[in-house]
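> Quick one, protein-v2.txt (compact mmCIF, C-alpha atoms):
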# COMPACT_ATOMS: atom_id res chain seq x y z
CA MET D 286 -0.77 -32.53 37.06
CA ALA D 287 1.22 -29.59 35.67
CA SER D 288 3.04 -30.04 32.38
CA LEU D 289 6.82 -30.15 32.28
CA MET D 290 6.70 -27.05 30.12
CA LEU D 291 4.87 -25.17 32.85
CA GLU D 292 7.16 -26.47 35.59
CA GLU D 293 10.31 -25.63 33.64
CA ALA D 294 9.07 -22.17 32.71
CA LEU D 295 8.42 -21.51 36.39
CA TYR D 296 12.02 -22.58 37.13
CA SER D 297 13.44 -19.74 35.02
CA ALA D 298 14.04 -17.46 38.00
CA GLU D 299 16.10 -20.16 39.72
CA ALA D 300 18.03 -20.82 36.52
CA VAL D 301 18.93 -17.14 36.22
CA ALA D 302 19.97 -17.06 39.88
CA ALA D 303 22.20 -20.10 39.29
CA GLN D 304 23.72 -18.39 36.28
CA HIS D 305 24.55 -15.36 38.40
CA MET D 306 26.27 -17.61 40.90
CA TYR D 307 28.11 -20.03 38.63
CA ALA D 308 28.62 -18.34 35.24
CA ASP D 309 28.96 -14.63 35.94
CA GLU D 310 32.70 -14.79 36.62
CA GLY D 311 33.31 -16.48 33.27
CA LEU D 312 31.08 -13.98 31.48
CA ALA D 313 32.94 -11.12 33.15
CA ALA D 314 36.29 -12.53 31.98
CA LEU D 315 34.91 -12.99 28.47
CA GLY D 316 33.56 -9.43 28.47
CA ARG D 317 36.97 -8.08 29.41
CA GLU D 318 38.60 -10.15 26.66
CA LEU D 319 36.14 -8.84 24.07
CA GLY D 320 36.93 -5.31 25.21
CA ARG D 321 40.60 -6.07 24.66
CA ILE D 322 40.31 -7.61 21.19
CA SER D 323 37.64 -5.11 20.02
CA PRO D 324 36.00 -7.11 17.21
CA ARG D 325 34.44 -5.01 14.45
CA LEU D 326 31.90 -7.65 13.46
CA ALA D 327 30.03 -10.45 15.22
CA LEU D 328 28.38 -13.53 13.74
CA THR D 329 25.69 -15.60 15.45
CA VAL D 330 25.18 -19.31 14.84
CA ALA D 331 21.97 -20.87 16.14
CA ARG D 332 18.66 -22.48 15.27
CA GLY D 333 15.13 -22.46 16.70
CA SER D 334 14.65 -20.79 20.08
CA SER D 335 18.41 -20.28 20.33
CA ASP D 336 18.30 -18.29 17.09
CA HIS D 337 15.65 -16.05 18.65
CA ALA D 338 18.03 -15.50 21.56
CA ALA D 339 20.69 -14.67 18.96
CA SER D 340 18.33 -11.99 17.61
CA TYR D 341 18.25 -10.44 21.08
CA PHE D 342 22.07 -10.61 21.23
CA ALA D 343 22.34 -8.92 17.84
CA TYR D 344 20.03 -6.05 18.71
CA LEU D 345 21.56 -5.46 22.14
CA VAL D 346 25.14 -5.48 20.84
CA MET D 347 24.33 -3.18 17.93
CA GLN D 348 22.28 -0.87 20.15
CA ARG D 349 24.78 -0.57 23.00
CA LEU D 350 28.18 -1.29 21.43
CA GLY D 351 27.66 -0.27 17.82
CA ILE D 352 29.14 -3.50 16.45
CA PRO D 353 27.31 -4.96 13.44
CA VAL D 354 25.96 -8.46 14.09
CA VAL D 355 25.02 -10.94 11.34
CA SER D 356 23.13 -14.23 11.62
CA LEU D 357 25.24 -16.73 9.68
CA PRO D 358 23.44 -19.27 7.45
CA MET D 359 25.32 -22.43 8.42
CA SER D 360 24.93 -23.99 4.98
CA LEU D 361 27.50 -21.45 3.70
CA VAL D 362 30.02 -23.39 5.74
CA THR D 363 28.64 -26.93 5.93
CA LEU D 364 27.43 -27.28 2.33
CA HIS D 365 29.29 -24.62 0.34
CA GLN D 366 32.57 -24.36 2.27
CA SER D 367 32.53 -20.62 1.60
CA PRO D 368 35.78 -18.80 2.43
CA LEU D 369 34.57 -16.40 5.12
CA ALA D 370 36.88 -13.51 6.02
CA VAL D 371 36.41 -13.59 9.80
CA ASP D 372 39.96 -13.34 11.14
CA GLY D 373 39.89 -11.47 14.45
CA GLN D 374 36.09 -11.20 14.53
CA LEU D 375 33.60 -12.70 17.00
CA ALA D 376 31.43 -15.76 16.40
CA VAL D 377 28.83 -16.71 19.02
CA ALA D 378 26.93 -20.00 18.99
CA LEU D 379 23.84 -20.45 21.15
CA SER D 380 22.40 -23.87 21.87
CA GLN D 381 20.52 -25.88 24.46
CA SER D 382 22.11 -29.27 23.72
CA GLY D 383 25.31 -28.33 21.88
CA GLN D 384 25.03 -31.46 19.77
CA SER D 385 23.84 -30.48 16.28
CA PRO D 386 26.58 -31.25 13.74
CA ASP D 387 25.98 -28.10 11.70
CA LEU D 388 26.62 -25.84 14.71
CA VAL D 389 29.73 -27.78 15.70
CA ASP D 390 31.18 -27.95 12.18
CA THR D 391 30.45 -24.26 11.56
CA MET D 392 32.16 -23.13 14.75
CA LYS D 393 35.18 -25.33 14.01
CA ALA D 394 35.45 -23.79 10.54
CA LEU D 395 35.12 -20.25 11.89
CA SER D 396 37.78 -20.94 14.50
CA ALA D 397 40.11 -22.31 11.82
CA ALA D 398 39.50 -19.08 9.84
CA GLY D 399 40.70 -17.00 12.80
CA ALA D 400 37.45 -16.03 14.52
CA HIS D 401 37.16 -15.78 18.29
CA THR D 402 34.53 -18.41 19.03
CA VAL D 403 32.10 -18.47 21.97
CA ALA D 404 29.48 -21.07 22.91
CA LEU D 405 26.58 -20.13 25.16
CA VAL D 406 25.30 -23.63 25.80
CA ASN D 407 23.20 -25.34 28.43
CA LYS D 408 25.16 -28.60 28.27
CA GLN D 409 28.74 -27.57 28.87
CA GLN D 410 30.03 -31.09 28.27
CA SER D 411 29.04 -31.09 24.61
CA PRO D 412 30.69 -31.15 21.17
CA LEU D 413 29.80 -27.48 20.64
CA ALA D 414 31.46 -26.38 23.87
CA GLU D 415 34.57 -28.37 22.99
CA SER D 416 34.79 -26.76 19.56
CA CYS D 417 34.89 -23.13 20.81
CA ASP D 418 37.53 -20.95 22.44
CA TRP D 419 35.09 -20.01 25.19
CA ALA D 420 32.17 -22.02 26.56
CA VAL D 421 29.77 -20.44 29.02
CA PRO D 422 27.10 -22.59 30.73
CA LEU D 423 23.54 -21.27 30.71
CA CYS D 424 22.89 -23.04 34.04
CA ALA D 425 19.25 -23.81 33.19
CA GLY D 426 19.55 -27.44 34.29
CA GLU D 427 18.12 -30.39 32.39
CA GLU D 428 15.17 -29.49 30.21
CA LYS D 429 12.80 -32.43 29.67
CA SER D 430 9.96 -30.76 27.82
CA VAL D 431 10.53 -30.59 24.06
CA ALA D 432 9.53 -26.92 24.15
CA ALA D 433 12.46 -24.82 25.38
CA THR D 434 11.53 -22.30 28.06
CA LYS D 435 13.98 -21.84 30.91
CA SER D 436 16.93 -22.39 28.57
CA TYR D 437 15.67 -19.58 26.31
CA ILE D 438 15.31 -17.16 29.22
CA ALA D 439 18.74 -18.23 30.50
CA SER D 440 20.15 -17.56 27.02
CA LEU D 441 18.77 -14.02 27.04
CA SER D 442 20.11 -13.51 30.55
CA ALA D 443 23.58 -14.75 29.53
CA VAL D 444 23.56 -12.42 26.53
CA ALA D 445 22.62 -9.44 28.70
CA ARG D 446 25.31 -10.35 31.24
CA LEU D 447 27.93 -10.63 28.53
CA VAL D 448 27.03 -7.25 27.05
CA ALA D 449 26.90 -5.64 30.50
CA HIS D 450 30.39 -6.90 31.33
CA TRP D 451 31.68 -6.06 27.86
CA GLN D 452 30.73 -2.40 28.26
CA ALA D 453 31.14 -2.32 32.07
CA ASP D 454 27.51 -1.25 32.51
CA GLU D 455 26.91 -1.25 36.25
CA LYS D 456 23.25 -0.29 35.88
CA LEU D 457 22.52 -3.33 33.73
CA LEU D 458 24.54 -5.59 36.03
CA SER D 459 22.55 -4.34 39.01
CA ALA D 460 19.30 -4.99 37.16
CA LEU D 461 20.49 -8.50 36.34
CA ALA D 462 21.10 -9.16 40.03
CA ASN D 463 17.41 -8.42 40.64
CA LEU D 464 16.18 -10.33 37.60
CA PRO D 465 15.12 -13.53 39.44
CA GLN D 466 12.63 -11.57 41.55
CA ARG D 467 11.34 -9.73 38.49
CA LEU D 468 10.81 -13.05 36.70
CA GLN D 469 8.77 -14.25 39.67
CA ASP D 470 6.70 -11.07 39.39
CA ALA D 471 6.11 -11.80 35.68
CA ALA D 472 5.11 -15.38 36.47
CA GLY D 473 2.40 -14.10 38.79
CA LEU D 474 0.59 -12.02 36.16
CA ASP D 475 -2.80 -13.15 34.88
CA TRP D 476 -2.80 -13.79 31.11
CA SER D 477 -5.95 -15.95 31.13
CA ALA D 478 -7.70 -13.44 28.84
CA ALA D 479 -5.43 -14.62 26.04
CA ILE D 480 -6.51 -18.23 26.54
CA GLU D 481 -10.16 -17.30 26.10
CA VAL D 482 -9.40 -15.51 22.84
CA LEU D 483 -6.95 -18.04 21.41
CA LYS D 484 -8.52 -21.36 22.41
CA PRO D 485 -10.42 -21.59 19.08
CA ALA D 486 -7.78 -19.80 16.96
CA GLU D 487 -6.21 -21.38 13.88
CA ARG D 488 -3.81 -18.54 13.04
CA ILE D 489 -2.23 -15.51 14.65
CA MET D 490 0.25 -12.73 13.98
CA VAL D 491 2.73 -11.90 16.72
CA VAL D 492 4.18 -8.40 16.56
CA GLY D 493 7.20 -6.87 18.24
CA ARG D 494 10.03 -4.50 17.47
CA GLY D 495 13.55 -3.78 18.69
CA LEU D 496 14.63 -6.00 21.57
CA GLY D 497 11.03 -7.19 21.78
CA PHE D 498 11.14 -8.74 18.32
CA ALA D 499 13.12 -11.67 19.74
CA VAL D 500 10.11 -12.34 21.99
CA ALA D 501 7.68 -12.14 19.06
CA LEU D 502 9.76 -14.71 17.15
CA GLU D 503 9.85 -17.04 20.14
CA ALA D 504 6.14 -16.66 20.90
CA ALA D 505 5.23 -17.47 17.29
CA LEU D 506 7.34 -20.62 17.44
CA LYS D 507 5.69 -21.73 20.67
CA PHE D 508 2.20 -21.15 19.24
CA LYS D 509 3.08 -23.50 16.38
CA GLU D 510 5.01 -25.99 18.49
CA THR D 511 2.74 -26.41 21.50
CA CYS D 512 -0.67 -25.11 20.41
CA ALA D 513 -0.84 -26.09 16.71
CA ILE D 514 -1.69 -22.50 15.76
CA GLN D 515 -0.26 -21.19 12.50
CA ALA D 516 1.68 -18.21 13.81
CA GLU D 517 3.93 -15.69 12.14
CA ALA D 518 6.09 -13.04 13.76
CA PHE D 519 6.43 -9.59 12.22
CA SER D 520 8.22 -6.42 13.15
CA GLY D 521 5.82 -3.59 13.86
CA ALA D 522 7.70 -1.66 11.17
CA GLU D 523 7.02 -4.33 8.54
CA ILE D 524 3.42 -5.36 9.11
CA LYS D 525 2.05 -2.69 6.76
CA HIS D 526 4.33 -3.85 3.94
CA GLY D 527 2.11 -6.76 2.99
CA PRO D 528 1.08 -8.84 6.01
CA MET D 529 -1.73 -6.39 6.83
CA ALA D 530 -3.59 -7.70 3.76
CA LEU D 531 -4.38 -10.84 5.78
CA ILE D 532 -6.29 -8.91 8.46
CA ASP D 533 -10.03 -9.48 8.52
CA ASP D 534 -12.73 -9.43 11.19
CA GLY D 535 -11.61 -11.34 14.26
CA TYR D 536 -8.06 -12.03 13.04
CA PRO D 537 -5.99 -12.43 16.22
CA LEU D 538 -2.86 -10.33 16.82
CA LEU D 539 -0.60 -10.51 19.86
CA VAL D 540 1.36 -7.27 20.09
CA PHE D 541 4.29 -7.04 22.52
CA ALA D 542 4.85 -3.40 23.50
CA PRO D 543 7.45 -3.28 26.29
CA ARG D 544 9.15 -0.02 27.26
CA GLY D 545 11.47 1.71 24.82
CA PRO D 546 11.35 4.04 21.83
CA GLU D 547 9.42 1.46 19.80
CA GLN D 548 6.56 1.24 22.29
CA GLN D 549 4.32 4.08 21.14
CA GLY D 550 4.38 2.92 17.55
CA LEU D 551 3.29 -0.56 18.65
CA ILE D 552 0.46 0.87 20.77
CA ASP D 553 -0.67 2.95 17.80
CA LEU D 554 -0.46 -0.12 15.54
CA ALA D 555 -2.63 -2.11 17.94
CA GLU D 556 -5.26 0.61 17.88
CA GLU D 557 -5.20 0.78 14.09
CA MET D 558 -5.55 -2.99 13.77
CA ARG D 559 -8.53 -2.91 16.13
CA GLY D 560 -10.07 -0.38 13.79
CA ARG D 561 -9.57 -2.82 10.92
CA GLY D 562 -11.45 -5.55 12.76
CA ALA D 563 -8.55 -7.52 14.23
CA ARG D 564 -8.87 -9.18 17.65
CA VAL D 565 -5.88 -7.54 19.25
CA LEU D 566 -4.16 -8.68 22.43
CA LEU D 567 -1.90 -5.80 23.40
CA ALA D 568 0.73 -6.78 25.98
CA ALA D 569 2.13 -3.68 27.67
CA PRO D 570 3.10 -2.37 31.14
CA ASP D 571 0.37 -1.33 33.53
CA ASN D 572 0.71 2.38 32.67
CA VAL D 573 -0.71 1.67 29.18
CA ALA D 574 -4.47 2.02 29.54
CA SER D 575 -5.31 0.23 26.28
CA ARG D 576 -3.46 -2.98 27.20
CA ASP D 577 -5.20 -6.36 27.27
CA LEU D 578 -2.33 -8.21 28.97
CA THR D 579 0.06 -6.75 31.53
CA LEU D 580 3.84 -6.87 31.14
CA ALA D 581 6.11 -6.75 34.17
CA VAL D 582 9.01 -4.30 34.07
CA ALA D 583 12.64 -4.93 34.98
CA ASP D 584 15.16 -2.61 36.62
CA ASP D 585 16.61 -1.95 33.14
CA GLU D 586 14.31 -1.87 30.10
CA ALA D 587 16.77 -4.07 28.17
CA LEU D 588 15.55 -6.94 30.38
CA ASP D 589 11.83 -6.34 29.85
CA PRO D 590 11.69 -8.93 27.00
CA LEU D 591 12.72 -11.67 29.45
CA LEU D 592 9.74 -10.85 31.66
CA ALA D 593 7.42 -10.72 28.65
CA ILE D 594 8.34 -14.22 27.48
CA GLN D 595 8.11 -15.53 31.06
CA SER D 596 4.46 -14.47 31.24
CA PHE D 597 3.83 -15.77 27.74
CA TYR D 598 5.28 -19.24 28.38
CA LEU D 599 2.92 -19.90 31.27
CA MET D 600 -0.04 -18.83 29.18
CA ALA D 601 1.09 -20.94 26.20
CA ALA D 602 1.43 -24.09 28.32
CA ARG D 603 -2.10 -23.64 29.64
CA LEU D 604 -3.45 -22.74 26.21
CA SER D 605 -2.01 -25.95 24.78
CA GLU D 606 -3.89 -28.01 27.36
CA ALA D 607 -7.06 -25.96 26.83
CA ARG D 608 -6.86 -26.95 23.15
CA GLY D 609 -6.60 -30.63 24.12
CA LEU D 610 -2.87 -30.93 23.41
CA ASN D 611 0.18 -31.97 25.41
CA PRO D 612 2.72 -29.10 25.41
CA ASP D 613 5.52 -31.52 26.34
CA LEU D 614 5.04 -33.70 23.26
CA PRO D 615 4.59 -31.58 20.13
CA ARG D 616 3.80 -33.60 17.02
CA HIS D 617 6.79 -34.79 14.97
CA LEU D 618 9.36 -33.05 17.21
CA SER D 619 12.18 -34.25 19.47
CA LYS D 620 14.25 -32.46 22.10
CA VAL D 621 17.57 -32.61 20.25
CA THR D 622 17.59 -31.69 16.56
CA ARG D 623 20.60 -32.68 14.47
CA THR D 624 20.99 -30.98 11.11
CA ARG D 625 23.81 -30.65 8.62
For the structure just supplied, provide its representation as structure tokens.


Amino acid sequence: MASLMLEEALYSAEAVAAQHMYADEGLAALGRELGRISPRLALTVARGSSDHAASYFAYLVMQRLGIPVVSLPMSLVTLHQSPLAVDGQLAVALSQSGQSPDLVDTMKALSAAGAHTVALVNKQQSPLAESCDWAVPLCAGEEKSVAATKSYIASLSAVARLVAHWQADEKLLSALANLPQRLQDAAGLDWSAAIEVLKPAERIMVVGRGLGFAVALEAALKFKETCAIQAEAFSGAEIKHGPMALIDDGYPLLVFAPRGPEQQGLIDLAEEMRGRGARVLLAAPDNVASRDLTLAVADDEALDPLLAIQSFYLMAARLSEARGLNPDLPRHLSKVTRTR
């Protein structure tokens, strides 16, 4: 019997199609409003997988719109009551459940300080949605597995849709229309080679850069959460600044190298780490001869990270079971986390 994690990851294409049908109009209206108010700064408010989606939002907005984006430590608001000067700026909360008190209290405080507040949330009838000026449903449907999968991909899709509408990018919007089929393509790729390498692993580094770093962060979390592997995510630009000292013979590295200006540096890094004895799993498109795992490509390279994590999720669910674990019931964890 397939795990819920596997089933829900396979549902991602349908979730993205539902989002196109039911949420795109709201995202388009929000994009037009953001174009009108022209914020000069954006804050993100999120935890866990949603915070990794916020990383994707930050990079995409800074890359395409030139607006600085900062991840806000919620304790500045909930514990320190810091007077944040955010009048007229944008604050975006991302969440699956929309129930954690720290997210809700932070967004209420930012709204009271004059920020334009947006919730990208899977449960639209939630305290977080009610606390924001705008609430956009992710349309992923109920997620029963503790490990978020389809809601994470739907978060990235919602972010890309928002940015596409914000800058009226028809090419990206067209690529988003084809995204469900591309996700199905990614789900059909064979990543079983990674299971053979990682079944006995106790630790791993996951490497990415640019838009792909959000995928590295998420993959590292899933390794810990579902496979009990001590995993850390690093930017390809940072790994030589200390983490490389951990590399010894057989040390596993998963390197995500999707298309983009960062790709060649990641391919070169993978080759260098192989030379240092690491057991490298290079995930790259099929035109990269040195790849170990194949990445699907989207109609716009900004969407390639969504396809990368789609392929990864299916592998991670199977790896968890190969290690004798249940990916739906990670130790000590629950579906809804409430922090203050």

> Excluding Arg559 (chain D) and its own-chain neighbours fewer than 3 positions away, which residues fall within 12 Å of it when counting all atoms listed in the file? Please give them as a compact mmCIF listing (two decimals) with C-alpha atoms, in the frame of the given file.


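Output (part26.txt):
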# COMPACT_ATOMS: atom_id res chain seq x y z
CA ILE D 532 -6.29 -8.91 8.46
CA ASP D 533 -10.03 -9.48 8.52
CA ASP D 534 -12.73 -9.43 11.19
CA GLY D 535 -11.61 -11.34 14.26
CA TYR D 536 -8.06 -12.03 13.04
CA PRO D 537 -5.99 -12.43 16.22
CA LEU D 538 -2.86 -10.33 16.82
CA LEU D 539 -0.60 -10.51 19.86
CA VAL D 540 1.36 -7.27 20.09
CA ILE D 552 0.46 0.87 20.77
CA ASP D 553 -0.67 2.95 17.80
CA LEU D 554 -0.46 -0.12 15.54
CA ALA D 555 -2.63 -2.11 17.94
CA GLU D 556 -5.26 0.61 17.88
CA GLY D 562 -11.45 -5.55 12.76
CA ALA D 563 -8.55 -7.52 14.23
CA ARG D 564 -8.87 -9.18 17.65
CA VAL D 565 -5.88 -7.54 19.25
CA LEU D 566 -4.16 -8.68 22.43
CA LEU D 567 -1.90 -5.80 23.40
CA SER D 575 -5.31 0.23 26.28

> Between D:Ile480, D:Val582, D:Leu464, D:Leu551, which has the minimum distance to Gly495 (chain D) (counting all atoms listed in the file)?

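Nearest to Gly495 (chain D): D:Leu551.
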
> Quick one: residues within 10 Å of Ser360 (chain D), only C-alpha atoms, excluding same-chain residues fewer than 5 positions away - as number ranges by chain?

D: 365-367, 387, 391, 625

> So that I can check the surroundings of Gly351 (chain D), please list as a PyMOL selection string every protein, DNA and RNA residue that reaches within 12 Å of it, counting only C-alpha atoms and ignoring chain neighbours fewer than 4 positions away.

chain D and resi 323-327+343-347+448+452

> May I have the residues within 8 Å of region 316-322 of chain D as a list of chain:residue names, using all atoms listed in the file and disregarding those fewer than 3 positions away in the same chain?

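Selected residues are D:Leu312, D:Ala313, D:Gly373, D:Leu447, D:Val448, D:Ala449, D:His450, D:Trp451, D:Gln452.
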
> Per residue of region 416-489 of chain D within 10 Å of region 584-608 of chain D, note the shortest atom pair and the distance in Å to one decimal, counting only C-alpha atoms, and order the rows by chain and increasing residue number, as CSV.


residue,atom,partner,partner_atom,distance
D:Ala432,CA,D:Ala602,CA,9.5
D:Ala433,CA,D:Tyr598,CA,9.6
D:Thr434,CA,D:Tyr598,CA,7.0
D:Lys435,CA,D:Gln595,CA,8.6
D:Tyr437,CA,D:Leu591,CA,9.0
D:Ile438,CA,D:Leu591,CA,6.1
D:Ala439,CA,D:Leu591,CA,9.0
D:Ser440,CA,D:Leu591,CA,9.8
D:Leu441,CA,D:Leu591,CA,6.9
D:Ser442,CA,D:Leu591,CA,7.7
D:Ala445,CA,D:Leu588,CA,7.7
D:Lys456,CA,D:Asp585,CA,7.4
D:Leu457,CA,D:Asp585,CA,6.1
D:Leu458,CA,D:Asp585,CA,9.2
D:Ser459,CA,D:Asp584,CA,8.0
D:Ala460,CA,D:Asp584,CA,4.8
D:Leu461,CA,D:Leu588,CA,7.9
D:Ala462,CA,D:Asp584,CA,9.5
D:Asn463,CA,D:Asp584,CA,7.4
D:Leu464,CA,D:Asp584,CA,7.8
D:Pro465,CA,D:Leu592,CA,9.8
D:Arg467,CA,D:Leu592,CA,7.1
D:Leu468,CA,D:Leu592,CA,5.6
D:Gln469,CA,D:Gln595,CA,8.7
D:Asp470,CA,D:Leu592,CA,8.3
D:Ala471,CA,D:Ser596,CA,5.4
D:Ala472,CA,D:Ser596,CA,5.3
D:Gly473,CA,D:Ser596,CA,7.8
D:Leu474,CA,D:Ser596,CA,6.7
D:Asp475,CA,D:Ser596,CA,8.2
D:Trp476,CA,D:Met600,CA,6.1
D:Ser477,CA,D:Met600,CA,6.9
D:Ala478,CA,D:Met600,CA,9.4
D:Ala479,CA,D:Met600,CA,7.5
D:Ile480,CA,D:Leu604,CA,5.5
D:Glu481,CA,D:Leu604,CA,8.6
D:Val482,CA,D:Leu604,CA,10.0
D:Leu483,CA,D:Leu604,CA,7.6
D:Lys484,CA,D:Arg608,CA,5.9
D:Pro485,CA,D:Arg608,CA,7.6
D:Ala486,CA,D:Arg608,CA,9.5

> Here is a test: counting only C-alpha atoms, which residue of D:Met392, D:Ala569, D:Ile489, D:Val362 is nearest to Ala513 (chain D)?

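For Ala513 (chain D), the nearest of the candidates is D:Ile489.
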
> Figure out the distance between CA of Thr329 (chain D) and CA of Arg494 (chain D), please, to one decimal in Å.

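Taking CA of Arg494 (chain D) and CA of Thr329 (chain D), their separation equals 19.3 Å.
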
> Suppose you want the space between CA of Ala308 (chain D) and CA of Trp419 (chain D); what is it in Å?

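These two atoms are separated by 12.1 Å.
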
> Provide region 538-549 of chain D rebuilt to N, CA and C atoms, formatted as an mmCIF file, in the coordinates of the input.


data_model
loop_
_atom_site.group_PDB
_atom_site.id
_atom_site.type_symbol
_atom_site.label_atom_id
_atom_site.label_comp_id
_atom_site.auth_asym_id
_atom_site.auth_seq_id
_atom_site.Cartn_x
_atom_site.Cartn_y
_atom_site.Cartn_z
ATOM 1 N N LEU D 538 -4.215 -10.889 16.775
ATOM 2 C CA LEU D 538 -2.860 -10.330 16.820
ATOM 3 C C LEU D 538 -2.425 -10.236 18.275
ATOM 4 N N LEU D 539 -1.233 -10.734 18.560
ATOM 5 C CA LEU D 539 -0.600 -10.510 19.860
ATOM 6 C C LEU D 539 0.508 -9.497 19.630
ATOM 7 N N VAL D 540 0.399 -8.348 20.266
ATOM 8 C CA VAL D 540 1.360 -7.270 20.090
ATOM 9 C C VAL D 540 2.126 -7.059 21.393
ATOM 10 N N PHE D 541 3.439 -7.296 21.358
ATOM 11 C CA PHE D 541 4.290 -7.040 22.520
ATOM 12 C C PHE D 541 4.783 -5.601 22.450
ATOM 13 N N ALA D 542 4.451 -4.813 23.468
ATOM 14 C CA ALA D 542 4.850 -3.400 23.500
ATOM 15 C C ALA D 542 5.524 -3.080 24.830
ATOM 16 N N PRO D 543 6.717 -3.631 25.072
ATOM 17 C CA PRO D 543 7.450 -3.280 26.290
ATOM 18 C C PRO D 543 7.973 -1.843 26.189
ATOM 19 N N ARG D 544 8.608 -1.374 27.240
ATOM 20 C CA ARG D 544 9.150 -0.020 27.260
ATOM 21 C C ARG D 544 10.223 0.157 26.181
ATOM 22 N N GLY D 545 10.457 1.408 25.810
ATOM 23 C CA GLY D 545 11.470 1.710 24.820
ATOM 24 C C GLY D 545 10.920 2.612 23.735
ATOM 25 N N PRO D 546 11.790 3.105 22.863
ATOM 26 C CA PRO D 546 11.350 4.040 21.830
ATOM 27 C C PRO D 546 10.389 3.444 20.819
ATOM 28 N N GLU D 547 10.330 2.107 20.736
ATOM 29 C CA GLU D 547 9.420 1.460 19.800
ATOM 30 C C GLU D 547 7.991 1.350 20.350
ATOM 31 N N GLN D 548 7.823 1.569 21.653
ATOM 32 C CA GLN D 548 6.560 1.240 22.290
ATOM 33 C C GLN D 548 5.361 1.997 21.715
ATOM 34 N N GLN D 549 5.477 3.307 21.561
ATOM 35 C CA GLN D 549 4.320 4.080 21.140
ATOM 36 C C GLN D 549 3.840 3.668 19.755
#
